[in-house]
Amino acid sequence: QNIVLYPGVETLLYDLYRMGVEIYIVSSGIRSLLTHLESHIQEVSGDPNFRIQKIYGGDFREDPQTGVIKQIASVVSPTDKIKAIMEISKGCDVYGFDVSTSIPIGGRRIPLESMIYVGDGPSDTWAFNLIHDSGGATLGVFNPEVPAQFEQIERIRQDDRLDLVAIADYSPGSTAYYWIISKAKELLYKSSEEYEYRQLLHDLRK
């Protein structure tokens with residue numbers, strides 16, 4: 001509850017939710033520190049229906065009597081982020097099957113090219129690669145008060161894994177806000193019946 005979020009996080013996530021975008025958090029951080037975000041945005045927005053679809057993060061194993069942390073139960077490594085993305089793409093939680101199940105690219109619930117991935121460092125590199133190479137959108141963000149963060153995210157951009165690098169400020173009017181909202185609108189339009197109809201007309205004219 002005491003974690004200070006980057007500016008505009010609540011507004012951006014709620015605006016995406018209202019547009020019909022599904023929101024997932026895939027983090028190398030600690031899941032229990034992220035679970036409060038959903039209720040926080042519900043409180044700030046006044047909308048009890050706001051949902052984060054799923055949070056992937058590391059977990060601890062606690063003593064059932066004292067609640068004292070005894071050991072690490074799970075972590076989310078860079079390769080685990082890839083696994084999480086594939087679970088989301090295939091719809092494993094929705095349809096109730098394992099991520100190893102073979103599903104043709106065209107039959108997946110959420111195509112990789114319909115995803116927007118936002119990350120801030122080396123642990124996101126493989127995920128950036130997967131989404132970027134699959135035709136999705138990738139945004140690298142950095143804390144302007146930490147020059148080293150810009151340097152590491154810029155190196156990832158130079159390796160052609162990012163569409164854009166921006167300051168981690170998601171307030172309306174910021175570069176990150178405009179870019180993410182614009183990409184979301186584009187992807188939602190491409191999945192609409194109107195887009196399919198226009199594409200059909202375009203093909204018939206050829």
# chains A, B, ... in the order shown; residues from 1 in each chain; ligands from 1
$ select_by_dssp --residues "stretch 34-118 of chain A" --states "strand (DSSP E or B)" --output "ChimeraX atom specification"
/A:54-62,69-74,116-118
$ write_last_selection --atoms "all heavy atoms" --output "compact mmCIF listing (two decimals), in the first residue's frame"
# COMPACT_ATOMS: atom_id res chain seq x y z
N LYS A 54 -4.69 -11.02 -14.61
CA LYS A 54 -3.83 -11.92 -13.82
C LYS A 54 -2.52 -11.22 -13.54
O LYS A 54 -2.04 -10.42 -14.35
CB LYS A 54 -3.57 -13.23 -14.57
CG LYS A 54 -2.81 -14.27 -13.75
CD LYS A 54 -2.76 -15.62 -14.44
CE LYS A 54 -2.02 -16.65 -13.58
NZ LYS A 54 -2.01 -17.99 -14.21
N ILE A 55 -1.95 -11.53 -12.37
CA ILE A 55 -0.65 -11.01 -12.00
C ILE A 55 0.33 -12.16 -11.86
O ILE A 55 0.11 -13.09 -11.09
CB ILE A 55 -0.72 -10.23 -10.66
CG1 ILE A 55 -1.62 -9.00 -10.81
CG2 ILE A 55 0.69 -9.81 -10.22
CD1 ILE A 55 -1.85 -8.25 -9.51
N TYR A 56 1.40 -12.12 -12.64
CA TYR A 56 2.49 -13.09 -12.53
C TYR A 56 3.61 -12.43 -11.75
O TYR A 56 4.04 -11.33 -12.07
CB TYR A 56 3.01 -13.49 -13.92
CG TYR A 56 2.02 -14.23 -14.79
CD1 TYR A 56 1.09 -13.53 -15.55
CD2 TYR A 56 2.05 -15.62 -14.88
CE1 TYR A 56 0.19 -14.20 -16.38
CE2 TYR A 56 1.15 -16.29 -15.71
CZ TYR A 56 0.23 -15.58 -16.45
OH TYR A 56 -0.66 -16.26 -17.27
N GLY A 57 4.08 -13.10 -10.71
CA GLY A 57 5.16 -12.55 -9.90
C GLY A 57 5.71 -13.61 -8.97
O GLY A 57 5.18 -14.72 -8.86
N GLY A 58 6.78 -13.27 -8.28
CA GLY A 58 7.40 -14.20 -7.34
C GLY A 58 6.61 -14.31 -6.05
O GLY A 58 5.91 -13.39 -5.64
N ASP A 59 6.71 -15.49 -5.40
CA ASP A 59 5.98 -15.75 -4.16
C ASP A 59 6.91 -16.28 -3.08
O ASP A 59 7.93 -16.92 -3.37
CB ASP A 59 4.86 -16.77 -4.39
CG ASP A 59 3.75 -16.22 -5.25
OD1 ASP A 59 3.22 -15.15 -4.93
OD2 ASP A 59 3.42 -16.87 -6.27
N PHE A 60 6.53 -16.03 -1.83
CA PHE A 60 7.24 -16.56 -0.68
C PHE A 60 6.41 -17.69 -0.04
O PHE A 60 5.19 -17.74 -0.21
CB PHE A 60 7.47 -15.48 0.38
CG PHE A 60 8.40 -14.39 -0.05
CD1 PHE A 60 7.98 -13.06 -0.07
CD2 PHE A 60 9.70 -14.68 -0.44
CE1 PHE A 60 8.83 -12.05 -0.46
CE2 PHE A 60 10.56 -13.67 -0.84
CZ PHE A 60 10.13 -12.36 -0.85
N ARG A 61 7.09 -18.56 0.69
CA ARG A 61 6.41 -19.56 1.51
C ARG A 61 6.54 -19.13 2.96
O ARG A 61 7.65 -18.94 3.45
CB ARG A 61 7.00 -20.95 1.29
CG ARG A 61 6.21 -22.07 1.98
CD ARG A 61 6.65 -23.44 1.50
NE ARG A 61 6.16 -23.68 0.13
CZ ARG A 61 6.96 -23.81 -0.94
NH1 ARG A 61 8.27 -23.72 -0.82
NH2 ARG A 61 6.44 -24.03 -2.14
N GLU A 62 5.41 -18.97 3.63
CA GLU A 62 5.41 -18.45 4.99
C GLU A 62 5.08 -19.53 6.02
O GLU A 62 4.43 -20.53 5.69
CB GLU A 62 4.38 -17.31 5.10
CG GLU A 62 4.63 -16.16 4.15
CD GLU A 62 3.54 -15.12 4.17
OE1 GLU A 62 2.52 -15.38 4.86
OE2 GLU A 62 3.68 -14.07 3.52
N ILE A 69 8.21 -15.22 6.75
CA ILE A 69 8.69 -15.79 5.49
C ILE A 69 9.80 -16.81 5.77
O ILE A 69 10.77 -16.50 6.45
CB ILE A 69 9.20 -14.69 4.55
CG1 ILE A 69 8.04 -13.79 4.12
CG2 ILE A 69 9.89 -15.28 3.32
CD1 ILE A 69 8.45 -12.55 3.37
N LYS A 70 9.63 -18.01 5.23
CA LYS A 70 10.59 -19.09 5.46
C LYS A 70 11.50 -19.33 4.25
O LYS A 70 12.67 -19.67 4.40
CB LYS A 70 9.84 -20.39 5.80
CG LYS A 70 9.14 -20.37 7.16
CD LYS A 70 10.15 -20.24 8.28
CE LYS A 70 9.47 -20.31 9.64
NZ LYS A 70 10.45 -20.19 10.74
N GLN A 71 10.93 -19.20 3.06
CA GLN A 71 11.73 -19.46 1.86
C GLN A 71 11.04 -18.88 0.64
O GLN A 71 9.88 -18.45 0.71
CB GLN A 71 11.95 -20.96 1.68
CG GLN A 71 10.67 -21.75 1.46
CD GLN A 71 10.89 -23.24 1.45
OE1 GLN A 71 10.39 -23.96 2.30
NE2 GLN A 71 11.66 -23.71 0.50
N ILE A 72 11.77 -18.87 -0.46
CA ILE A 72 11.20 -18.43 -1.74
C ILE A 72 10.41 -19.59 -2.33
O ILE A 72 10.93 -20.70 -2.46
CB ILE A 72 12.31 -17.99 -2.71
CG1 ILE A 72 13.03 -16.75 -2.14
CG2 ILE A 72 11.73 -17.68 -4.09
CD1 ILE A 72 14.26 -16.34 -2.92
N ALA A 73 9.16 -19.34 -2.67
CA ALA A 73 8.32 -20.39 -3.25
C ALA A 73 8.42 -20.42 -4.77
O ALA A 73 8.41 -21.49 -5.38
CB ALA A 73 6.87 -20.18 -2.83
N SER A 74 8.52 -19.25 -5.38
CA SER A 74 8.60 -19.20 -6.85
C SER A 74 9.18 -17.86 -7.28
O SER A 74 9.09 -16.87 -6.54
CB SER A 74 7.23 -19.39 -7.49
OG SER A 74 6.36 -18.33 -7.14
N ILE A 116 0.52 -5.54 -26.39
CA ILE A 116 1.40 -4.41 -26.12
C ILE A 116 2.19 -4.77 -24.87
O ILE A 116 1.60 -5.08 -23.84
CB ILE A 116 0.63 -3.11 -25.87
CG1 ILE A 116 -0.26 -2.76 -27.07
CG2 ILE A 116 1.58 -1.95 -25.57
CD1 ILE A 116 -1.25 -1.64 -26.78
N TYR A 117 3.51 -4.75 -24.97
CA TYR A 117 4.34 -5.13 -23.82
C TYR A 117 5.17 -3.92 -23.39
O TYR A 117 5.87 -3.31 -24.20
CB TYR A 117 5.28 -6.28 -24.18
CG TYR A 117 6.03 -6.85 -23.00
CD1 TYR A 117 5.51 -7.92 -22.27
CD2 TYR A 117 7.24 -6.31 -22.59
CE1 TYR A 117 6.19 -8.44 -21.17
CE2 TYR A 117 7.92 -6.81 -21.49
CZ TYR A 117 7.40 -7.88 -20.80
OH TYR A 117 8.07 -8.38 -19.71
N VAL A 118 5.07 -3.59 -22.10
CA VAL A 118 5.83 -2.47 -21.54
C VAL A 118 6.80 -3.02 -20.50
O VAL A 118 6.41 -3.77 -19.60
CB VAL A 118 4.89 -1.44 -20.87
CG1 VAL A 118 5.70 -0.28 -20.30
CG2 VAL A 118 3.84 -0.95 -21.86
$ residues_around --residues "stretch 103-112 of chain A" --least-positions-apart "2" --cutoff "10 Å" --atoms "only C-alpha atoms" --output "number ranges by chain"
A: 22, 85-92, 94-95, 99-101, 114-117, 130-137
$ write_last_selection --atoms "N, CA and C atoms" --output "compact mmCIF listing (two decimals), in the first residue's frame"
# COMPACT_ATOMS: atom_id res chain seq x y z
N GLU A 22 -7.65 -6.09 -22.12
CA GLU A 22 -7.32 -6.97 -20.99
C GLU A 22 -5.94 -6.58 -20.47
N ILE A 85 3.50 -15.19 -21.17
CA ILE A 85 2.94 -14.60 -22.38
C ILE A 85 2.26 -15.67 -23.23
N MET A 86 2.87 -16.86 -23.31
CA MET A 86 2.27 -17.93 -24.09
C MET A 86 0.98 -18.43 -23.43
N GLU A 87 0.95 -18.47 -22.11
CA GLU A 87 -0.29 -18.84 -21.41
C GLU A 87 -1.41 -17.86 -21.73
N ILE A 88 -1.06 -16.58 -21.71
CA ILE A 88 -2.05 -15.54 -22.01
C ILE A 88 -2.52 -15.68 -23.46
N SER A 89 -1.58 -15.86 -24.38
CA SER A 89 -1.91 -15.97 -25.79
C SER A 89 -2.82 -17.16 -26.08
N LYS A 90 -2.51 -18.29 -25.49
CA LYS A 90 -3.29 -19.51 -25.73
C LYS A 90 -4.61 -19.53 -24.96
N GLY A 91 -4.72 -18.69 -23.94
CA GLY A 91 -5.93 -18.68 -23.13
C GLY A 91 -6.00 -19.83 -22.16
N CYS A 92 -4.85 -20.22 -21.60
CA CYS A 92 -4.79 -21.40 -20.73
C CYS A 92 -5.72 -21.27 -19.53
N VAL A 94 -8.37 -19.41 -19.26
CA VAL A 94 -9.76 -19.30 -19.71
C VAL A 94 -10.32 -20.67 -20.08
N TYR A 95 -9.50 -21.46 -20.80
CA TYR A 95 -9.98 -22.74 -21.31
C TYR A 95 -9.54 -23.94 -20.47
N VAL A 99 0.08 -24.93 -20.72
CA VAL A 99 0.74 -24.08 -21.71
C VAL A 99 1.46 -24.90 -22.78
N SER A 100 1.80 -26.15 -22.47
CA SER A 100 2.50 -26.99 -23.44
C SER A 100 1.57 -27.52 -24.53
N THR A 101 0.26 -27.34 -24.37
CA THR A 101 -0.69 -27.78 -25.38
C THR A 101 -0.44 -27.06 -26.70
N SER A 114 -1.35 -8.95 -31.23
CA SER A 114 -2.37 -8.11 -30.62
C SER A 114 -2.00 -7.69 -29.20
N MET A 115 -0.72 -7.87 -28.84
CA MET A 115 -0.26 -7.54 -27.51
C MET A 115 0.60 -6.28 -27.50
N ILE A 116 0.52 -5.54 -26.39
CA ILE A 116 1.40 -4.41 -26.12
C ILE A 116 2.19 -4.77 -24.87
N TYR A 117 3.51 -4.75 -24.97
CA TYR A 117 4.34 -5.13 -23.82
C TYR A 117 5.17 -3.92 -23.39
N LEU A 130 10.09 -11.53 -28.31
CA LEU A 130 8.95 -12.35 -28.74
C LEU A 130 7.83 -11.48 -29.29
N ILE A 131 7.45 -10.46 -28.54
CA ILE A 131 6.33 -9.62 -28.97
C ILE A 131 6.70 -8.81 -30.20
N HIS A 132 7.88 -8.22 -30.20
CA HIS A 132 8.31 -7.38 -31.32
C HIS A 132 8.42 -8.19 -32.60
N ASP A 133 9.07 -9.36 -32.53
CA ASP A 133 9.25 -10.18 -33.73
C ASP A 133 7.94 -10.79 -34.22
N SER A 134 6.93 -10.84 -33.33
CA SER A 134 5.63 -11.41 -33.71
C SER A 134 4.67 -10.36 -34.23
N GLY A 135 5.13 -9.11 -34.31
CA GLY A 135 4.29 -8.05 -34.84
C GLY A 135 3.52 -7.27 -33.80
N GLY A 136 3.79 -7.55 -32.50
CA GLY A 136 3.15 -6.78 -31.44
C GLY A 136 3.87 -5.47 -31.20
N ALA A 137 3.45 -4.75 -30.18
CA ALA A 137 4.02 -3.43 -29.87
C ALA A 137 4.84 -3.50 -28.58
$ closest_residue --among "A:Leu139, A:Ile30, A:Val146, A:Ala127" --to "A:Pro78" --atoms "only C-alpha atoms"
A:Ala127
$ atom_distance --atom1 "atom CA of A:Val141" --atom2 "atom CA of A:Ala166"
5.0 Å
$ select_by_dssp --residues "stretch 13-201 of chain A" --states "alpha helix (DSSP H)" --output "ChimeraX atom specification"
/A:13-19,31-34,36-45,78-90,92-95,125-133,147-158,175-190,193-201
$ residues_around --residues "A:Pro7" --least-positions-apart "2" --cutoff "12 Å" --atoms "only C-alpha atoms" --output "number ranges by chain"
A: 4-5, 9-13, 143, 167-174, 176-177
$ atom_distance --atom1 "atom CA of A:Phe128" --atom2 "atom CA of A:Ile3"
25.6 Å
$ residues_around --residues "A:Gly46" --least-positions-apart "4" --cutoff "12 Å" --atoms "only C-alpha atoms" --output "PyMOL selection string"
chain A and resi 10-11+14+38-42+50
$ atom_distance --atom1 "atom CA of A:Ile52" --atom2 "atom CA of A:Asp160"
29.4 Å
$ closest_residue --among "A:Leu37, A:Val165, A:Ile25, A:Leu188" --to "A:Asn2" --atoms "only C-alpha atoms"
A:Leu37
